[in-house]
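Novice: Here you go, this is protein25.txt (compact mmCIF, C-alpha atoms).
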```txt
# COMPACT_ATOMS: atom_id res chain seq x y z
CA MET A 27 35.27 6.50 -6.61
CA VAL A 28 37.09 5.44 -9.72
CA GLU A 29 37.58 1.70 -9.69
CA GLU A 30 41.29 1.73 -10.29
CA ASP A 31 41.79 4.24 -7.46
CA ARG A 32 39.81 1.97 -5.21
CA GLN A 33 42.06 -0.91 -6.13
CA THR A 34 45.08 1.27 -5.52
CA ALA A 35 43.86 2.22 -2.07
CA LEU A 36 43.10 -1.38 -1.21
CA GLY A 37 46.51 -2.46 -2.32
CA MET A 38 48.18 0.26 -0.29
CA TYR A 39 46.27 -0.69 2.83
CA SER A 40 47.17 -4.30 2.24
CA ARG A 41 50.83 -3.42 1.90
CA LEU A 42 50.48 -1.31 5.03
CA PHE A 43 49.46 -4.36 7.04
CA ASP A 44 52.16 -6.47 5.47
CA ASP A 45 54.95 -4.04 6.27
CA ALA A 46 53.76 -2.80 9.64
CA GLU A 47 56.26 -3.48 12.39
CA ASP A 48 53.61 -3.37 15.07
CA GLU A 49 50.19 -4.42 13.90
CA GLN A 50 48.48 -3.20 17.07
CA GLU A 51 49.99 0.20 16.58
CA LEU A 52 48.73 0.19 13.02
CA MET A 53 45.21 -0.62 14.12
CA ASP A 54 45.32 2.11 16.72
CA LEU A 55 46.45 4.46 14.01
CA LEU A 56 43.73 3.43 11.60
CA VAL A 57 41.10 3.46 14.39
CA SER A 58 38.37 1.93 12.23
CA PRO A 59 37.60 1.11 8.60
CA THR A 60 34.95 3.77 8.56
CA ARG A 61 37.40 6.38 9.69
CA GLN A 62 39.70 5.42 6.87
CA ALA A 63 36.77 5.57 4.47
CA VAL A 64 36.07 9.10 5.70
CA VAL A 65 39.74 10.02 5.30
CA ILE A 66 39.74 8.86 1.72
CA ALA A 67 36.37 10.38 0.95
CA ARG A 68 37.52 13.77 2.17
CA THR A 69 40.69 13.70 0.14
CA TYR A 70 39.05 12.38 -2.98
CA ASP A 71 37.38 14.43 -5.71
CA ALA A 72 35.83 11.91 -8.07
CA LYS A 73 35.07 14.42 -10.81
CA GLU A 74 38.54 15.86 -10.88
CA ARG A 75 40.09 12.42 -10.66
CA ARG A 76 38.09 11.19 -13.65
CA GLN A 77 39.25 14.20 -15.62
CA GLN A 78 42.81 13.42 -14.61
CA LEU A 79 42.51 9.86 -15.77
CA GLU A 80 40.70 10.66 -19.00
CA ALA A 81 42.78 13.64 -20.14
CA PRO A 82 45.87 14.05 -17.97
CA GLU A 83 47.53 16.45 -20.41
CA GLU A 84 44.74 19.03 -20.02
CA ILE A 85 45.17 19.26 -16.30
CA GLY A 86 48.90 19.36 -16.39
CA GLY A 87 50.02 15.80 -16.21
CA GLU A 88 49.07 13.01 -13.92
CA GLU A 89 49.98 13.88 -10.38
CA THR A 90 49.82 11.77 -7.25
CA PRO A 91 46.28 11.68 -5.89
CA ALA A 92 45.63 13.10 -2.44
CA PHE A 93 44.33 9.84 -1.04
CA VAL A 94 47.58 8.12 -1.98
CA LEU A 95 49.47 10.78 -0.07
CA ALA A 96 47.19 10.30 2.92
CA ILE A 97 47.82 6.56 2.98
CA ASP A 98 51.48 7.18 2.39
CA LYS A 99 51.62 9.33 5.51
CA LEU A 100 50.17 6.45 7.45
CA TYR A 101 52.81 4.22 6.01
CA GLN A 102 55.51 6.64 7.07
CA GLN A 103 54.25 6.36 10.62
CA VAL A 104 54.01 2.63 10.74
CA ALA A 105 56.88 1.35 8.62
CA PRO A 106 59.36 4.15 8.09
CA LYS A 107 62.32 1.80 7.84
CA ARG A 108 60.86 0.02 4.90
CA ASP A 109 59.99 3.22 3.17
CA GLU A 110 62.50 2.62 0.45
CA SER A 111 60.66 -0.49 -0.59
CA TRP A 112 57.35 1.34 -0.68
CA LYS A 113 55.64 2.04 -3.89
CA ALA A 114 52.08 2.06 -5.00
CA PRO A 115 50.87 -1.41 -5.88
CA GLU A 116 50.26 -2.32 -9.40
CA GLU A 117 46.76 -2.01 -10.57
CA ALA A 118 44.81 -5.16 -10.09
CA PRO A 119 42.62 -6.32 -12.96
CA LEU A 120 39.06 -5.15 -12.60
CA GLU A 121 36.35 -7.66 -12.08
CA ILE A 122 32.83 -7.27 -13.31
CA ASN A 123 31.25 -7.92 -9.93
CA GLN A 124 33.70 -5.80 -8.05
CA PHE A 125 32.14 -4.13 -5.02
CA SER A 126 32.43 -0.37 -5.01
CA LEU A 127 32.45 1.92 -2.01
CA PHE A 128 30.48 4.78 -3.48
CA GLU A 129 28.10 3.06 -5.80
CA ASP A 130 24.58 2.13 -4.90
CA GLU A 131 24.30 -0.83 -7.20
CA PRO A 132 23.67 -4.10 -5.41
CA HIS A 133 26.67 -6.31 -5.15
CA PRO A 134 26.31 -10.04 -5.71
CA ILE A 135 27.67 -11.96 -2.77
CA ASP A 136 30.99 -13.52 -3.55
CA ASP A 137 32.58 -15.41 -0.71
CA SER A 138 35.67 -16.30 -2.62
CA GLU A 139 37.08 -12.81 -2.47
CA TYR A 140 37.74 -10.91 0.74
CA VAL A 141 37.27 -7.19 0.38
CA PRO A 142 38.50 -5.38 3.47
CA PHE A 143 37.27 -1.96 4.57
CA GLN A 144 34.33 -1.60 2.23
CA ILE A 145 32.09 -4.10 3.91
CA GLU A 146 32.23 -2.32 7.23
CA ALA A 147 32.09 1.08 5.68
CA ASP A 148 28.91 0.35 3.75
CA SER A 149 27.11 -1.64 6.34
CA VAL A 150 27.58 0.86 9.18
CA PRO A 151 26.41 4.48 8.93
CA ILE A 152 29.41 6.74 8.94
CA GLU A 153 28.18 9.11 11.63
CA GLU A 154 27.45 6.32 14.05
CA GLU A 155 30.82 4.81 13.49
CA VAL A 156 32.57 8.12 13.88
CA GLU A 157 30.85 8.50 17.23
CA GLU A 158 32.59 5.39 18.37
CA LEU A 159 35.99 6.73 17.49
CA PRO A 160 36.79 8.31 20.83
CA VAL A 161 36.58 4.99 22.59
CA GLU A 162 40.23 4.92 22.95
CA ALA A 163 40.35 4.75 26.70
CA PRO A 164 39.83 1.07 27.34
CA ALA A 165 42.14 -1.25 25.57
CA ALA A 166 39.73 -4.10 25.25
CA PRO A 167 37.11 -2.53 22.93
CA VAL A 168 39.81 -1.54 20.52
CA GLU A 169 41.08 -5.07 20.52
CA GLU A 170 37.64 -6.46 19.97
CA LYS A 171 37.00 -4.08 17.14
CA ALA A 172 40.30 -4.91 15.62
CA GLU A 173 39.49 -8.57 15.74
CA GLU A 174 36.19 -7.96 14.05
CA THR A 175 37.42 -5.72 11.31
CA PHE A 176 40.98 -6.65 10.58
CA ALA A 177 41.06 -10.20 11.88
CA ALA A 178 44.39 -9.45 13.51
CA PRO A 179 45.66 -11.05 16.74
CA ALA A 180 45.43 -8.80 19.75
CA GLU A 181 48.45 -9.72 21.75
CA GLU A 182 49.11 -6.45 23.50
CA SER A 183 46.42 -5.30 25.84
CA ALA A 184 47.03 -1.54 26.02
CA PRO A 185 48.40 0.77 23.35
CA GLU A 186 51.25 3.00 24.24
CA GLU A 187 49.79 6.44 24.60
CA ALA A 188 52.68 8.42 23.22
CA GLU A 189 52.91 6.44 20.06
CA ALA A 190 49.22 6.41 19.49
CA GLU A 191 48.74 10.17 19.82
CA GLU A 192 51.11 11.08 17.05
CA PRO A 193 49.44 9.01 14.31
CA ARG A 194 46.05 10.26 15.39
CA ASP A 195 47.24 13.79 14.86
CA LEU A 196 48.23 12.85 11.37
CA VAL A 197 44.80 11.43 10.62
CA GLU A 198 43.15 14.47 12.13
CA ALA A 199 45.30 16.66 9.95
CA VAL A 200 43.99 14.76 6.94
CA LEU A 201 40.42 14.95 8.20
CA GLY A 202 40.65 18.69 8.69
CA PRO A 203 39.97 21.05 11.58
CA ASP A 204 36.21 20.33 11.71
CA ALA A 205 36.72 16.68 12.27
CA GLU A 206 39.30 17.47 14.88
CA GLU A 207 36.86 19.66 16.77
CA GLU A 208 34.13 17.05 16.57
CA GLU A 209 36.48 14.45 17.81
CA GLU A 210 37.68 16.63 20.63
CA ALA A 211 34.11 17.20 21.63
CA GLU A 212 33.49 13.50 21.63
CA GLU A 213 36.75 12.68 23.30
CA GLU A 214 35.76 14.49 26.45
CA PRO A 215 35.46 11.31 28.46
CA ALA A 216 33.11 10.56 31.27
CA PRO A 217 34.63 9.96 34.70
CA GLU A 218 34.47 6.24 34.14
CA GLN A 219 36.29 6.66 30.86
CA LYS A 220 39.02 8.68 32.52
CA ALA A 221 39.39 5.98 35.11
CA SER A 222 39.59 3.37 32.40
CA ARG A 223 42.19 5.41 30.55
CA LEU A 224 44.27 5.69 33.69
CA SER A 225 44.01 2.01 34.22
CA ALA A 226 44.98 1.42 30.63
CA GLU A 227 48.10 3.51 31.07
CA GLU A 228 49.10 1.54 34.16
CA PRO A 229 48.23 -2.02 33.38
CA GLU A 230 50.53 -3.48 36.01
CA GLU A 231 48.89 -1.70 38.91
CA ALA A 232 45.22 -2.00 38.16
CA PRO A 233 43.34 -4.39 35.88
CA VAL A 234 41.66 -2.87 32.87
CA VAL A 235 37.89 -2.95 33.02
CA HIS A 236 36.67 -4.24 29.70
CA LEU A 237 33.46 -2.43 29.00
CA PRO A 238 31.81 -2.11 25.62
CA PRO A 239 31.81 1.40 24.16
CA GLN A 240 28.03 1.79 24.40
CA GLU A 241 28.05 1.36 28.14
CA LEU A 242 30.96 3.71 28.49
CA ARG A 243 29.06 6.47 26.81
CA MET A 244 25.86 5.93 28.76
CA PRO A 245 26.57 8.43 31.60
CA GLU A 246 27.44 11.03 29.03
CA ARG A 247 24.18 10.45 27.18
CA ARG A 248 22.21 10.42 30.39
CA ALA A 249 23.70 13.79 31.28
CA GLN A 250 22.71 15.18 27.87
CA THR A 251 19.19 13.82 28.26
CA ALA A 252 18.92 15.35 31.70
CA LYS A 253 19.96 18.72 30.33
CA LEU A 254 17.36 18.51 27.59
CA SER A 255 14.68 17.49 30.04
CA ALA A 256 15.39 20.39 32.30
CA ALA A 257 15.69 23.05 29.65
CA ASP A 258 13.56 22.05 26.70
CA TYR A 259 10.93 19.67 27.96
CA ASP A 260 9.45 21.51 30.90
CA LEU A 261 5.90 20.24 30.68
CA ASP A 262 4.69 22.25 33.64
CA PHE A 263 5.44 25.50 31.89
CA ILE A 264 2.26 27.09 30.54
CA PRO A 265 2.81 30.39 28.75
CA GLU A 266 0.50 33.20 29.80
CA THR A 267 -1.57 34.55 26.93
CA ARG A 268 -4.27 37.10 26.38
CA ARG A 269 -6.91 37.48 23.70
CA GLN A 270 -6.39 40.23 21.20
CA PRO A 271 -9.17 41.18 18.76
CA ARG A 272 -8.62 41.33 15.02
CA VAL A 273 -10.47 44.57 14.57
CA PHE A 274 -11.27 44.39 10.89
CA LEU A 275 -12.56 40.85 11.10
CA LEU A 276 -14.56 41.69 14.21
CA ILE A 277 -16.32 44.61 12.52
CA LEU A 278 -17.01 42.55 9.41
CA PHE A 279 -18.32 39.65 11.44
CA THR A 280 -20.56 41.91 13.50
CA ILE A 281 -22.04 43.49 10.40
CA LEU A 282 -22.81 40.10 8.91
CA ALA A 283 -23.75 38.25 12.07
CA ILE A 284 -26.42 40.61 13.41
CA PRO A 285 -28.85 40.34 10.47
CA VAL A 286 -28.23 36.62 10.09
CA THR A 287 -28.89 36.05 13.77
CA LEU A 288 -32.02 38.18 13.71
CA ALA A 289 -33.36 36.26 10.72
CA GLY A 290 -32.68 32.99 12.49
CA ILE A 291 -34.42 34.20 15.62
CA ALA A 292 -37.44 35.30 13.58
CA LEU A 293 -37.62 31.89 11.94
CA LEU A 294 -37.38 30.15 15.28
CA LEU A 295 -40.03 32.38 16.82
CA ILE A 296 -42.74 30.92 14.56
CA PRO A 297 -42.62 27.37 16.01
CA THR A 298 -42.02 28.85 19.41
CA VAL A 299 -45.23 30.87 19.40
CA LEU A 300 -47.09 27.99 17.80
CA ALA A 301 -45.94 25.62 20.55
CA LEU A 302 -46.95 28.13 23.19
CA GLY A 303 -50.43 28.61 21.71
CA LEU A 304 -51.03 24.91 21.39
CA ALA A 305 -49.74 24.27 24.89
CA VAL A 306 -52.10 26.89 26.38
CA LEU A 307 -55.04 25.56 24.37
CA VAL A 308 -54.39 21.93 25.32
CA ILE A 309 -53.86 22.74 28.99
CA ILE A 310 -57.13 24.71 29.07
CA LEU A 311 -58.93 21.85 27.38
CA GLY A 312 -57.46 19.28 29.77
CA SER A 313 -58.29 21.37 32.81
CA ALA A 314 -61.85 21.92 31.61
CA THR A 315 -62.29 18.20 31.00
CA LEU A 316 -60.92 17.40 34.44
CA VAL A 317 -63.28 19.88 36.06
CA ALA A 318 -66.17 18.50 34.05
CA ALA A 319 -65.36 14.97 35.15
CA PHE A 320 -66.21 15.83 38.74
CA SER A 321 -69.33 17.80 37.85
CA GLY A 322 -71.94 15.16 37.33
CA PHE A 323 -71.16 11.80 35.74
CA PRO A 324 -73.43 9.20 37.30
CA LYS A 325 -71.26 6.19 36.49
CA LEU A 326 -67.76 5.64 37.83
CA ALA A 327 -66.71 4.00 34.57
CA ASP A 328 -67.56 7.16 32.60
CA LEU A 329 -65.78 9.24 35.20
CA LEU A 330 -62.61 7.13 34.84
CA ILE A 331 -62.68 7.51 31.05
CA VAL A 332 -63.02 11.30 31.27
CA ILE A 333 -60.28 11.56 33.94
CA GLY A 334 -57.97 9.37 31.86
CA THR A 335 -58.57 11.50 28.80
CA SER A 336 -57.99 14.74 30.68
CA VAL A 337 -54.71 13.39 32.17
CA ILE A 338 -53.44 12.47 28.71
CA VAL A 339 -54.42 15.88 27.35
CA LEU A 340 -52.68 17.62 30.26
CA ALA A 341 -49.57 15.51 29.61
CA LEU A 342 -49.63 16.62 25.99
CA GLY A 343 -50.05 20.24 27.13
CA LEU A 344 -47.06 19.88 29.44
CA LEU A 345 -44.98 18.50 26.58
CA LEU A 346 -45.95 21.40 24.32
CA LEU A 347 -45.13 23.85 27.09
CA TRP A 348 -41.67 22.31 27.41
CA VAL A 349 -41.19 22.52 23.66
CA PHE A 350 -41.87 26.23 23.94
CA VAL A 351 -39.33 26.55 26.74
CA TRP A 352 -36.83 24.58 24.69
CA PHE A 353 -37.32 26.85 21.69
CA VAL A 354 -36.71 29.92 23.81
CA GLY A 355 -33.82 28.68 25.92
CA GLY A 356 -32.30 26.03 23.69
CA ALA A 357 -32.79 26.92 20.04
CA ILE A 358 -32.81 30.72 20.09
CA GLY A 359 -30.31 30.97 22.95
CA GLY A 360 -28.14 28.33 21.30
CA LEU A 361 -28.15 30.24 18.03
CA ILE A 362 -26.99 33.41 19.79
CA ARG A 363 -24.33 31.53 21.74
CA ALA A 364 -23.08 29.76 18.60
CA VAL A 365 -22.75 33.00 16.67
CA THR A 366 -20.93 34.63 19.59
CA GLU A 367 -18.55 31.70 19.93
CA LEU A 368 -17.87 31.74 16.22
CA GLY A 369 -17.03 35.41 16.36
CA ARG A 370 -14.73 34.80 19.34
CA LYS A 371 -12.96 32.04 17.44
CA TRP A 372 -12.54 33.90 14.18
CA CYS A 373 -12.00 37.45 15.36
CA TYR A 374 -9.70 36.95 18.36
CA GLU A 375 -6.20 35.53 18.62
CA GLU A 376 -4.12 34.34 21.53
CA VAL A 377 -1.10 36.57 22.09
CA PRO A 378 1.61 35.72 24.64
CA VAL A 379 1.92 38.32 27.35
CA MET B 29 -31.50 21.22 28.65
CA SER B 30 -31.11 17.48 28.13
CA LYS B 31 -31.89 16.93 31.78
CA GLY B 32 -35.10 18.98 31.31
CA TRP B 33 -36.09 16.77 28.40
CA ARG B 34 -35.51 13.70 30.55
CA VAL B 35 -37.63 15.03 33.46
CA ILE B 36 -40.47 16.28 31.28
CA GLY B 37 -40.44 13.10 29.23
CA THR B 38 -40.68 10.98 32.34
CA ILE B 39 -43.61 13.02 33.67
CA VAL B 40 -45.40 12.88 30.32
CA VAL B 41 -44.94 9.12 30.00
CA ILE B 42 -46.18 8.55 33.55
CA LEU B 43 -49.24 10.73 32.99
CA ALA B 44 -49.98 9.06 29.66
CA LEU B 45 -49.73 5.60 31.24
CA LEU B 46 -51.95 6.71 34.08
CA GLY B 47 -54.53 8.11 31.65
CA ALA B 48 -54.41 4.96 29.54
CA ILE B 49 -54.95 2.82 32.61
CA CYS B 50 -57.94 4.97 33.64
CA ILE B 51 -59.49 4.78 30.19
CA GLY B 52 -58.92 1.03 30.06
CA VAL B 53 -60.42 0.45 33.47
CA GLY B 54 -63.38 2.71 32.52
CA PHE B 55 -64.13 0.74 29.39
CA ILE B 56 -63.70 -2.58 31.20
CA THR B 57 -66.09 -1.57 33.97
CA GLY B 58 -68.87 -0.56 31.54
CA GLY B 59 -68.11 2.97 30.43
CA ASP B 60 -69.86 4.32 27.35
CA ILE B 61 -68.80 7.14 25.04
CA GLY B 62 -72.40 7.98 24.11
CA ASP B 63 -73.38 8.54 27.73
CA ILE B 64 -70.35 10.78 28.28
CA TYR B 65 -71.09 12.82 25.14
CA SER B 66 -74.75 13.29 26.04
CA THR B 67 -73.86 14.27 29.58
CA LEU B 68 -71.30 16.86 28.41
CA ASN B 69 -73.70 18.12 25.73
CA VAL B 70 -76.39 18.69 28.27
CA ARG B 71 -74.04 20.39 30.67
CA TYR B 72 -71.82 22.43 28.28
CA ASN B 73 -73.93 22.60 25.04
CA LEU B 74 -71.19 21.10 22.91
CA ILE B 75 -73.21 21.00 19.70
CA GLY B 76 -74.20 24.64 19.99
CA HIS B 77 -70.64 25.70 20.70
CA TRP B 78 -69.39 23.58 17.80
CA GLU B 79 -71.83 25.17 15.34
CA GLN B 80 -71.02 28.60 16.65
CA TYR B 81 -67.24 28.12 16.28
CA SER B 82 -67.51 26.46 12.88
CA HIS B 83 -69.68 29.34 11.60
CA TRP B 84 -67.11 31.85 12.91
CA ALA B 85 -64.27 29.96 11.22
CA LEU B 86 -66.08 29.81 7.87
CA THR B 87 -66.94 33.49 7.97
CA THR B 88 -63.36 34.40 8.80
CA LEU B 89 -62.00 32.31 5.93
CA LYS B 90 -64.45 33.91 3.49
CA ASN B 91 -63.38 37.37 4.62
CA ILE B 92 -59.73 36.49 4.17
CA ALA B 93 -60.45 35.16 0.66
CA VAL B 94 -62.29 38.38 -0.24
CA GLY B 95 -59.38 40.44 1.07
CA VAL B 96 -56.84 38.44 -0.95
CA ARG B 97 -58.90 38.86 -4.12
CA GLY B 98 -59.15 42.61 -3.46
CA LEU B 99 -55.36 42.81 -3.32
CA TRP B 100 -55.10 41.34 -6.84
```
What is this file in structure tokens?

Specialist:
Amino acid sequence: MVEEDRQTALGMYSRLFDDAEDEQELMDLLVSPTRQAVVIARTYDAKERRQQLEAPEEIGGEETPAFVLAIDKLYQQVAPKRDESWKAPEEAPLEINQFSLFEDEPHPIDDSEYVPFQIEADSVPIEEEVEELPVEAPAAPVEEKAEETFAAPAEESAPEEAEAEEPRDLVEAVLGPDAEEEEEAEEEPAPEQKASRLSAEEPEEAPVVHLPPQELRMPERRAQTAKLSAADYDLDFIPETRRQPRVFLLILFTILAIPVTLAGIALLLIPTVLALGLAVLVIILGSATLVAAFSGFPKLADLLIVIGTSVIVLALGLLLLWVFVWFVGGAIGGLIRAVTELGRKWCYEEVPV
Amino acid sequence: MSKGWRVIGTIVVILALLGAICIGVGFITGGDIGDIYSTLNVRYNLIGHWEQYSHWALTTLKNIAVGVRGLW
């Protein structure tokens, strides 16, 4: 935003507060600083405005900017009787450290100067703030917000509905139809909100329940969450699928896998047969030694040595026999299973039924 | 398959320990390798069998070497 336009807007808002007959009505009309920032942002074309300021004769003379008209409409609503005294404020001198709404440069903190609107608008995300706009039902949150943002006394508890609706229509007209639809969608109040609105309209009969806006919107959000849980987050739902072969890949894999597997099996057969031969030989040797031990050793000590040796040899034979079984069932079978599993993984895909 | 390894390993270790204990007890109680060898040689003719098998192995190796040279 051009700096002098920003100063103009600030001056107009300041004059608006000065000339407002009913300050509460004005705050209801403005709703929030962020809303006003959105109003100005939507009516403001920075590029075109710069061109207007730099070379007004090319564009056809300097005409009243749209944001000035938007603020002027607000003024017409709030202080129509003083309209004759209304005019755009004179341009304030620019300061070097002036804080700008649409610039990302860091602003040095200067407590001596109060800059309304921009502080709230920059510190709060616009979408979040816009969500809070429909909290019109209870009177108290509006008052609290007004105290925070405008530092204005909240003497009247509930706004008059008829007067408040008309200015809101004006702002919605400035915001455009999209904003109006969004706001209508958000302004669908929860039952509690409706009750609060009714109580706000009849303050003499029932006391207004002062609830913060977050709590007021909680049932609405819970309802949305429940809808999402039911429709989109059904964890028990498991889609039924079937395996469909990729024919070309399957043929290619089969052609390559068969010779590779056969070569692997042939390689594995060498240690397998070797283990089997050794196992048979060692078992025969152990058995023969065991038989010989009982055939004619005169001393028990010699007999124990021969029996011990034959038991160790038989244990070794048993181990070699198991190695043979492992080669057959584990290594060769594992190779075939691995190749099959690989083909199933590469050549098939899961298709929902 | 891992369970098979565990079972077979346990059996092999038990048998090996048993054999080692037997051999140890045999040596402690006066066993002699020379007596065992002579007894087995008398009964099974170990030296004769050894010479016979070694001669067969040498002859086989020589034949294989002659066959390999013939291929060249």

Novice: Would you work out the distance separating CA of Trp33 in chain B from CA of Ala314 in chain A, expressed in Å to one decimal?

Specialist: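 Distance between the two atoms: 26.5 Å.
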
Novice: Report, in Å to a single decimal, how far apart CA of Gly334 in chain A and CA of Tyr72 in chain B are.

Specialist: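 Computed distance, CA of Tyr72 in chain B to CA of Gly334 in chain A, equals 19.4 Å.
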
Novice: For a quick test of understanding: name the residues of chain A lying within 8 Å of chain B when counting all atoms listed in the file, and present them as a VMD selection string.

Specialist: chain A and resid 318 323 325 to 338 341 to 342 344 to 345 348 352 356

Novice: What is the CA of Leu52 in chain A to CA of Ala35 in chain A distance in Å?

Specialist: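 Result for CA of Leu52 in chain A versus CA of Ala35 in chain A: 16.0 Å, one decimal.
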
Novice: Might I get the box with edges along x, y and z of the file that holds all atoms of range 53-68 of chain B listed there, padded by 4 Å on every side, given as centre and edge lengths in Å to one decimal, as JSON?

Specialist:
```
{"center_x": -67.6, "center_y": 7.1, "center_z": 29.0, "size_x": 22.3, "size_y": 27.4, "size_z": 17.9}
```

Novice: A:Glu80, A:Glu375, A:Glu49, A:Asp98: which is nearest Thr34 in chain A, counting all atoms listed in the file?

Specialist: A:Asp98

Novice: Taking all atoms listed in the file into account, which of A:Thr267, A:Ala301, A:Arg75, A:Ala357 comes nearest Val379 in chain A?

Specialist: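 Checking each of A:Thr267, A:Ala301, A:Arg75, A:Ala357 against Val379 in chain A, counting all atoms listed in the file, the winner is A:Thr267.
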